[in-house]
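Q: Sharing coords34.pdb, PDB, C-alpha atoms, pLDDT in the B column:
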```
ATOM      1  CA  MET A 163     -26.007   5.364   0.557  1.00 63.00           C
ATOM      2  CA  THR A 164     -22.332   5.784  -0.334  1.00 76.00           C
ATOM      3  CA  THR A 165     -20.008   3.366   1.402  1.00 79.00           C
ATOM      4  CA  PRO A 166     -16.945   5.138   2.818  1.00 87.00           C
ATOM      5  CA  THR A 167     -13.411   4.144   1.975  1.00 89.00           C
ATOM      6  CA  THR A 168     -11.814   2.872   5.148  1.00 91.00           C
ATOM      7  CA  SER A 169      -8.371   1.895   3.840  1.00 96.00           C
ATOM      8  CA  VAL A 170      -6.446   1.618   0.597  1.00 97.00           C
ATOM      9  CA  LEU A 171      -4.715  -1.515  -0.656  1.00 98.00           C
ATOM     10  CA  VAL A 172      -1.400  -0.635  -2.280  1.00 98.00           C
ATOM     11  CA  THR A 173       0.676  -3.087  -4.270  1.00 97.00           C
ATOM     12  CA  LEU A 174       4.244  -2.208  -5.139  1.00 95.00           C
ATOM     13  CA  THR A 175       5.768  -4.405  -7.823  1.00 94.00           C
ATOM     14  CA  VAL A 176       9.458  -4.164  -8.622  1.00 93.00           C
ATOM     15  CA  LYS A 177       9.953  -3.203 -12.258  1.00 95.00           C
ATOM     16  CA  SER A 178      11.420  -6.032 -14.328  1.00 93.00           C
ATOM     17  CA  ASP A 179      14.379  -3.923 -15.468  1.00 95.00           C
ATOM     18  CA  VAL A 180      15.530  -3.080 -11.919  1.00 95.00           C
ATOM     19  CA  ALA A 181      18.590  -5.096 -10.915  1.00 94.00           C
ATOM     20  CA  ARG A 182      18.423  -6.803  -7.528  1.00 92.00           C
ATOM     21  CA  ALA A 183      21.772  -5.212  -6.593  1.00 96.00           C
ATOM     22  CA  ASP A 184      20.317  -1.740  -7.225  1.00 96.00           C
ATOM     23  CA  LEU A 185      17.266  -2.604  -5.147  1.00 94.00           C
ATOM     24  CA  MET A 186      19.416  -3.800  -2.269  1.00 95.00           C
ATOM     25  CA  LYS A 187      21.391  -0.525  -2.252  1.00 97.00           C
ATOM     26  CA  VAL A 188      18.187   1.398  -1.557  1.00 97.00           C
ATOM     27  CA  MET A 189      16.644  -1.220   0.768  1.00 96.00           C
ATOM     28  CA  PRO A 190      17.936   0.196   4.113  1.00 97.00           C
ATOM     29  CA  GLU A 191      16.473   3.626   3.312  1.00 97.00           C
ATOM     30  CA  GLU A 192      13.205   2.038   2.113  1.00 96.00           C
ATOM     31  CA  LEU A 193      12.904   0.018   5.321  1.00 96.00           C
ATOM     32  CA  ARG A 194      13.539   3.040   7.552  1.00 97.00           C
ATOM     33  CA  ALA A 195      10.886   5.048   5.718  1.00 97.00           C
ATOM     34  CA  THR A 196       8.356   2.202   5.723  1.00 96.00           C
ATOM     35  CA  ILE A 197       8.843   1.460   9.415  1.00 97.00           C
ATOM     36  CA  GLY A 198       8.383   5.169  10.145  1.00 97.00           C
ATOM     37  CA  LEU A 199       5.060   5.180   8.271  1.00 97.00           C
ATOM     38  CA  TYR A 200       3.970   2.087  10.183  1.00 97.00           C
ATOM     39  CA  LEU A 201       4.896   3.638  13.537  1.00 97.00           C
ATOM     40  CA  ASP A 202       3.044   6.827  12.536  1.00 97.00           C
ATOM     41  CA  GLY A 203      -0.122   4.780  11.878  1.00 97.00           C
ATOM     42  CA  LYS A 204      -0.142   5.496   8.142  1.00 97.00           C
ATOM     43  CA  ILE A 205       0.566   1.889   7.167  1.00 97.00           C
ATOM     44  CA  LEU A 206      -1.736  -0.515   9.000  1.00 97.00           C
ATOM     45  CA  GLN A 207      -0.425  -3.792   7.594  1.00 96.00           C
ATOM     46  CA  TRP A 208       2.291  -4.882   5.189  1.00 95.00           C
ATOM     47  CA  TYR A 209       3.023  -8.138   3.466  1.00 96.00           C
ATOM     48  CA  GLY A 210       5.616  -9.584   1.144  1.00 94.00           C
ATOM     49  CA  ARG A 211       4.399 -11.016  -2.123  1.00 90.00           C
ATOM     50  CA  ALA A 212       4.855 -14.780  -2.396  1.00 93.00           C
ATOM     51  CA  ASP A 213       6.418 -14.291  -5.836  1.00 88.00           C
ATOM     52  CA  ASN A 214       9.095 -12.005  -4.286  1.00 86.00           C
ATOM     53  CA  LYS A 215       8.283  -9.226  -6.750  1.00 84.00           C
ATOM     54  CA  GLY A 216       7.185  -6.599  -4.263  1.00 89.00           C
ATOM     55  CA  VAL A 217       5.027  -5.813  -1.270  1.00 95.00           C
ATOM     56  CA  ILE A 218       1.418  -5.134  -0.370  1.00 97.00           C
ATOM     57  CA  PHE A 219       0.352  -2.462   2.101  1.00 97.00           C
ATOM     58  CA  ILE A 220      -2.946  -1.629   3.748  1.00 98.00           C
ATOM     59  CA  VAL A 221      -2.752   2.155   4.118  1.00 98.00           C
ATOM     60  CA  ASN A 222      -4.765   4.165   6.616  1.00 97.00           C
ATOM     61  CA  ALA A 223      -6.411   6.533   4.129  1.00 96.00           C
ATOM     62  CA  THR A 224      -9.919   7.577   3.155  1.00 95.00           C
ATOM     63  CA  ASN A 225      -9.167   7.834  -0.570  1.00 96.00           C
ATOM     64  CA  VAL A 226      -6.594   6.813  -3.147  1.00 97.00           C
ATOM     65  CA  ASP A 227      -5.081  10.300  -3.414  1.00 97.00           C
ATOM     66  CA  ASP A 228      -4.319  10.322   0.316  1.00 97.00           C
ATOM     67  CA  ALA A 229      -2.694   6.896   0.030  1.00 97.00           C
ATOM     68  CA  LYS A 230      -0.611   8.076  -2.928  1.00 97.00           C
ATOM     69  CA  SER A 231       0.630  11.038  -0.893  1.00 96.00           C
ATOM     70  CA  VAL A 232       1.769   8.618   1.824  1.00 95.00           C
ATOM     71  CA  MET A 233       3.548   6.273  -0.582  1.00 96.00           C
ATOM     72  CA  GLU A 234       5.119   8.762  -3.011  1.00 94.00           C
ATOM     73  CA  ASP A 235       7.964   9.656  -0.651  1.00 91.00           C
ATOM     74  CA  LEU A 236       9.188   6.090  -0.239  1.00 96.00           C
ATOM     75  CA  PRO A 237      12.648   5.670  -1.808  1.00 97.00           C
ATOM     76  CA  PHE A 238      11.695   2.890  -4.243  1.00 96.00           C
ATOM     77  CA  GLU A 239       8.824   5.024  -5.529  1.00 95.00           C
ATOM     78  CA  LYS A 240      10.924   8.190  -5.765  1.00 95.00           C
ATOM     79  CA  GLN A 241      13.615   6.368  -7.730  1.00 95.00           C
ATOM     80  CA  GLY A 242      11.089   4.808 -10.115  1.00 96.00           C
ATOM     81  CA  MET A 243      11.958   1.247  -9.118  1.00 96.00           C
ATOM     82  CA  VAL A 244       8.378   0.048  -8.599  1.00 96.00           C
ATOM     83  CA  LEU A 245       4.986   0.091 -10.209  1.00 96.00           C
ATOM     84  CA  SER A 246       2.185   1.018  -7.825  1.00 96.00           C
ATOM     85  CA  ASP A 247      -1.460   0.035  -7.852  1.00 97.00           C
ATOM     86  CA  TYR A 248      -4.091   1.462  -5.520  1.00 98.00           C
ATOM     87  CA  VAL A 249      -7.488  -0.001  -4.589  1.00 97.00           C
ATOM     88  CA  ALA A 250      -9.896   1.784  -2.233  1.00 95.00           C
ATOM     89  CA  LEU A 251     -11.386  -0.597   0.346  1.00 95.00           C
ATOM     90  CA  THR A 252     -14.844  -0.270   1.881  1.00 90.00           C
ATOM     91  CA  PRO A 253     -16.898  -2.274   4.332  1.00 87.00           C
ATOM     92  CA  LEU A 254     -18.623  -5.250   2.731  1.00 83.00           C
ATOM     93  CA  THR A 255     -21.795  -3.507   1.533  1.00 77.00           C
ATOM     94  CA  PRO A 256     -24.051  -6.608   1.128  1.00 74.00           C
ATOM     95  CA  LEU A 257     -23.929  -6.946   4.907  1.00 73.00           C
ATOM     96  CA  ARG A 258     -26.341  -3.957   5.144  1.00 72.00           C
ATOM     97  CA  GLY A 259     -29.030  -5.977   3.379  1.00 73.00           C
ATOM     98  CA  ILE A 260     -28.378  -8.994   5.559  1.00 77.00           C
ATOM     99  CA  LEU A 261     -28.435  -6.852   8.698  1.00 75.00           C
ATOM    100  CA  SER A 262     -31.753  -5.248   7.761  1.00 76.00           C
ATOM    101  CA  SER A 263     -33.354  -8.647   7.235  1.00 75.00           C
ATOM    102  CA  LEU A 264     -32.417  -9.914  10.704  1.00 73.00           C
TER
END
```
Since I need it in another form, could you write the structure as C-alpha cells?

A:
Amino acid sequence: MTTPTTSVLVTLTVKSDVARADLMKVMPEELRATIGLYLDGKILQWYGRADNKGVIFIVNATNVDDAKSVMEDLPFEKQGMVLSDYVALTPLTPLRGILSSL
C-alpha cells in the first residue's frame, strides 16, 4: 500500500552571498506574501531556523511539485536569494503494523 503525502516540509536557506541589507529591503514584500499563503491555508506552519539562516514551512500539498508551485512566487525565491529544499511528508507507516497487531 502506498502511503499518501499529506504535507511537504520546505526549508528556505538564505544564500551566503546575499547581504542582510538586501534581504531586509525585500522582507516586507516577503512577509505580505507569506502571510497571504498562510491565510489561504497553503502554509500550515512556519518556523524560523535557530541559526537565523532561513525559515521552515509545512506546506499543505500532496506532492513536492504542488509545494514548489506555492513557494516559487515568494519574493525571496523569485529574486534568487534562497536555496529551497522540499521533503514530502507521510503518516508514520510503521503504525499500520502496530495497529494490525492490536

Q: Residues within 12 Å of Leu236 (chain A), please, as a PDB file with C-alpha atoms, in the frame of the given file. Count all atoms listed in the file; anything in the same chain fewer than 2 positions from it doesn't count.

A:
```
ATOM      1  CA  LEU A 174       4.244  -2.208  -5.139  1.00 95.00           C
ATOM      2  CA  VAL A 188      18.187   1.398  -1.557  1.00 97.00           C
ATOM      3  CA  MET A 189      16.644  -1.220   0.768  1.00 96.00           C
ATOM      4  CA  PRO A 190      17.936   0.196   4.113  1.00 97.00           C
ATOM      5  CA  GLU A 191      16.473   3.626   3.312  1.00 97.00           C
ATOM      6  CA  GLU A 192      13.205   2.038   2.113  1.00 96.00           C
ATOM      7  CA  LEU A 193      12.904   0.018   5.321  1.00 96.00           C
ATOM      8  CA  ARG A 194      13.539   3.040   7.552  1.00 97.00           C
ATOM      9  CA  ALA A 195      10.886   5.048   5.718  1.00 97.00           C
ATOM     10  CA  THR A 196       8.356   2.202   5.723  1.00 96.00           C
ATOM     11  CA  ILE A 197       8.843   1.460   9.415  1.00 97.00           C
ATOM     12  CA  GLY A 198       8.383   5.169  10.145  1.00 97.00           C
ATOM     13  CA  LEU A 199       5.060   5.180   8.271  1.00 97.00           C
ATOM     14  CA  ALA A 229      -2.694   6.896   0.030  1.00 97.00           C
ATOM     15  CA  LYS A 230      -0.611   8.076  -2.928  1.00 97.00           C
ATOM     16  CA  SER A 231       0.630  11.038  -0.893  1.00 96.00           C
ATOM     17  CA  VAL A 232       1.769   8.618   1.824  1.00 95.00           C
ATOM     18  CA  MET A 233       3.548   6.273  -0.582  1.00 96.00           C
ATOM     19  CA  GLU A 234       5.119   8.762  -3.011  1.00 94.00           C
ATOM     20  CA  PHE A 238      11.695   2.890  -4.243  1.00 96.00           C
ATOM     21  CA  GLU A 239       8.824   5.024  -5.529  1.00 95.00           C
ATOM     22  CA  LYS A 240      10.924   8.190  -5.765  1.00 95.00           C
ATOM     23  CA  GLN A 241      13.615   6.368  -7.730  1.00 95.00           C
ATOM     24  CA  GLY A 242      11.089   4.808 -10.115  1.00 96.00           C
ATOM     25  CA  MET A 243      11.958   1.247  -9.118  1.00 96.00           C
ATOM     26  CA  VAL A 244       8.378   0.048  -8.599  1.00 96.00           C
ATOM     27  CA  SER A 246       2.185   1.018  -7.825  1.00 96.00           C
TER      28      SER A 246
END
```

Q: Tell me which of A:Leu185, A:Leu251, A:Val180, A:Val172 sits closest to Thr224 (chain A), counting all atoms listed in the file.

A: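 Checking each of A:Leu185, A:Leu251, A:Val180, A:Val172 against Thr224 (chain A), counting all atoms listed in the file, the winner is A:Leu251.
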
Q: What does the distance from CA of Leu206 (chain A) to CA of Phe219 (chain A) come to in Å, to one decimal?

A: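 Pair CA of Leu206 (chain A) / CA of Phe219 (chain A) returns 7.5 Å.
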
Q: Choose the residue, out of A:Asp227, A:Asp202, A:Asp184, A:Asp213, that has the smallest atom-to-atom separation from Ser169 (chain A); count only C-alpha atoms.

A: A:Asp227

Q: Can you spell out as a list in words the set of residues that the PyMOL selection byres ((chain A and resi 175) around 10) selects in the structure I just provided?

A: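 Answer for the PyMOL selection byres ((chain A and resi 175) around 10): Val172, Thr173, Leu174, Val176, Lys177, Ser178, Arg211, Asn214, Lys215, Gly216, Val217, Ile218, Met243, Val244, Leu245, Ser246 and Asp247 of chain A.
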
Q: For the residues in the current selection, export C-alpha atoms as an mmCIF file, in the coordinates of the input.

A:
```
data_model
loop_
_atom_site.group_PDB
_atom_site.id
_atom_site.type_symbol
_atom_site.label_atom_id
_atom_site.label_comp_id
_atom_site.auth_asym_id
_atom_site.auth_seq_id
_atom_site.Cartn_x
_atom_site.Cartn_y
_atom_site.Cartn_z
ATOM 1 C CA VAL A 172 -1.400 -0.635 -2.280
ATOM 2 C CA THR A 173 0.676 -3.087 -4.270
ATOM 3 C CA LEU A 174 4.244 -2.208 -5.139
ATOM 4 C CA VAL A 176 9.458 -4.164 -8.622
ATOM 5 C CA LYS A 177 9.953 -3.203 -12.258
ATOM 6 C CA SER A 178 11.420 -6.032 -14.328
ATOM 7 C CA ARG A 211 4.399 -11.016 -2.123
ATOM 8 C CA ASN A 214 9.095 -12.005 -4.286
ATOM 9 C CA LYS A 215 8.283 -9.226 -6.750
ATOM 10 C CA GLY A 216 7.185 -6.599 -4.263
ATOM 11 C CA VAL A 217 5.027 -5.813 -1.270
ATOM 12 C CA ILE A 218 1.418 -5.134 -0.370
ATOM 13 C CA MET A 243 11.958 1.247 -9.118
ATOM 14 C CA VAL A 244 8.378 0.048 -8.599
ATOM 15 C CA LEU A 245 4.986 0.091 -10.209
ATOM 16 C CA SER A 246 2.185 1.018 -7.825
ATOM 17 C CA ASP A 247 -1.460 0.035 -7.852
#
```

Q: Which polymer residues have any atom within 6 Å of an atom of Leu171 (chain A), counting all atoms listed in the file, with same-chain residues fewer than 6 positions away left out, as a list in words?

A: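 Residues near the query, excluding close chain neighbours: Phe219, Ile220, Tyr248 and Val249 of chain A.
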
Q: Just how far from CA of Gln207 (chain A) is CA of Ile260 (chain A), in Å to one decimal?

A: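 Straight-line distance from CA of Ile260 (chain A) to CA of Gln207 (chain A) works out to 28.5 Å.
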
Q: Of the residues A:Val226, A:Leu264, A:Ala181, A:Ile205, which is the one nearest to Thr167 (chain A), using all atoms listed in the file?

A: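 Of A:Val226, A:Leu264, A:Ala181, A:Ile205, the one nearest Thr167 (chain A) is A:Val226, counting all atoms listed in the file.
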
Q: Could you state the separation of CA of Gly259 (chain A) and CA of Asn222 (chain A) in Å, given to one decimal place?

A: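 Computing the Euclidean distance for CA of Gly259 (chain A) and CA of Asn222 (chain A) yields 26.5 Å.
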
Q: Near Pro166 (chain A), counting only C-alpha atoms, which residues have an atom at most 12 Å away, once you skip same-chain residues fewer than 6 positions from it, shown as JSON, numbers by chain?

A: {"A": [223, 224, 225, 250, 251, 252, 253, 254, 255]}

Q: With distances taken over all atoms listed in the file, which of A:Val221, A:Met186, A:Thr165, A:Arg258 is nearest to Tyr209 (chain A)?

A: A:Val221

Q: I'd like the box whose edges run along x, y and z of the file and which contains every listed atom of region 186-204 of chain A, padded by 5 Å per side; could you state its centre and edge lengths in Å, one decimal, as JSON?

A:
```
{"center_x": 10.6, "center_y": 1.5, "center_z": 5.6, "size_x": 31.5, "size_y": 20.6, "size_z": 25.8}
```
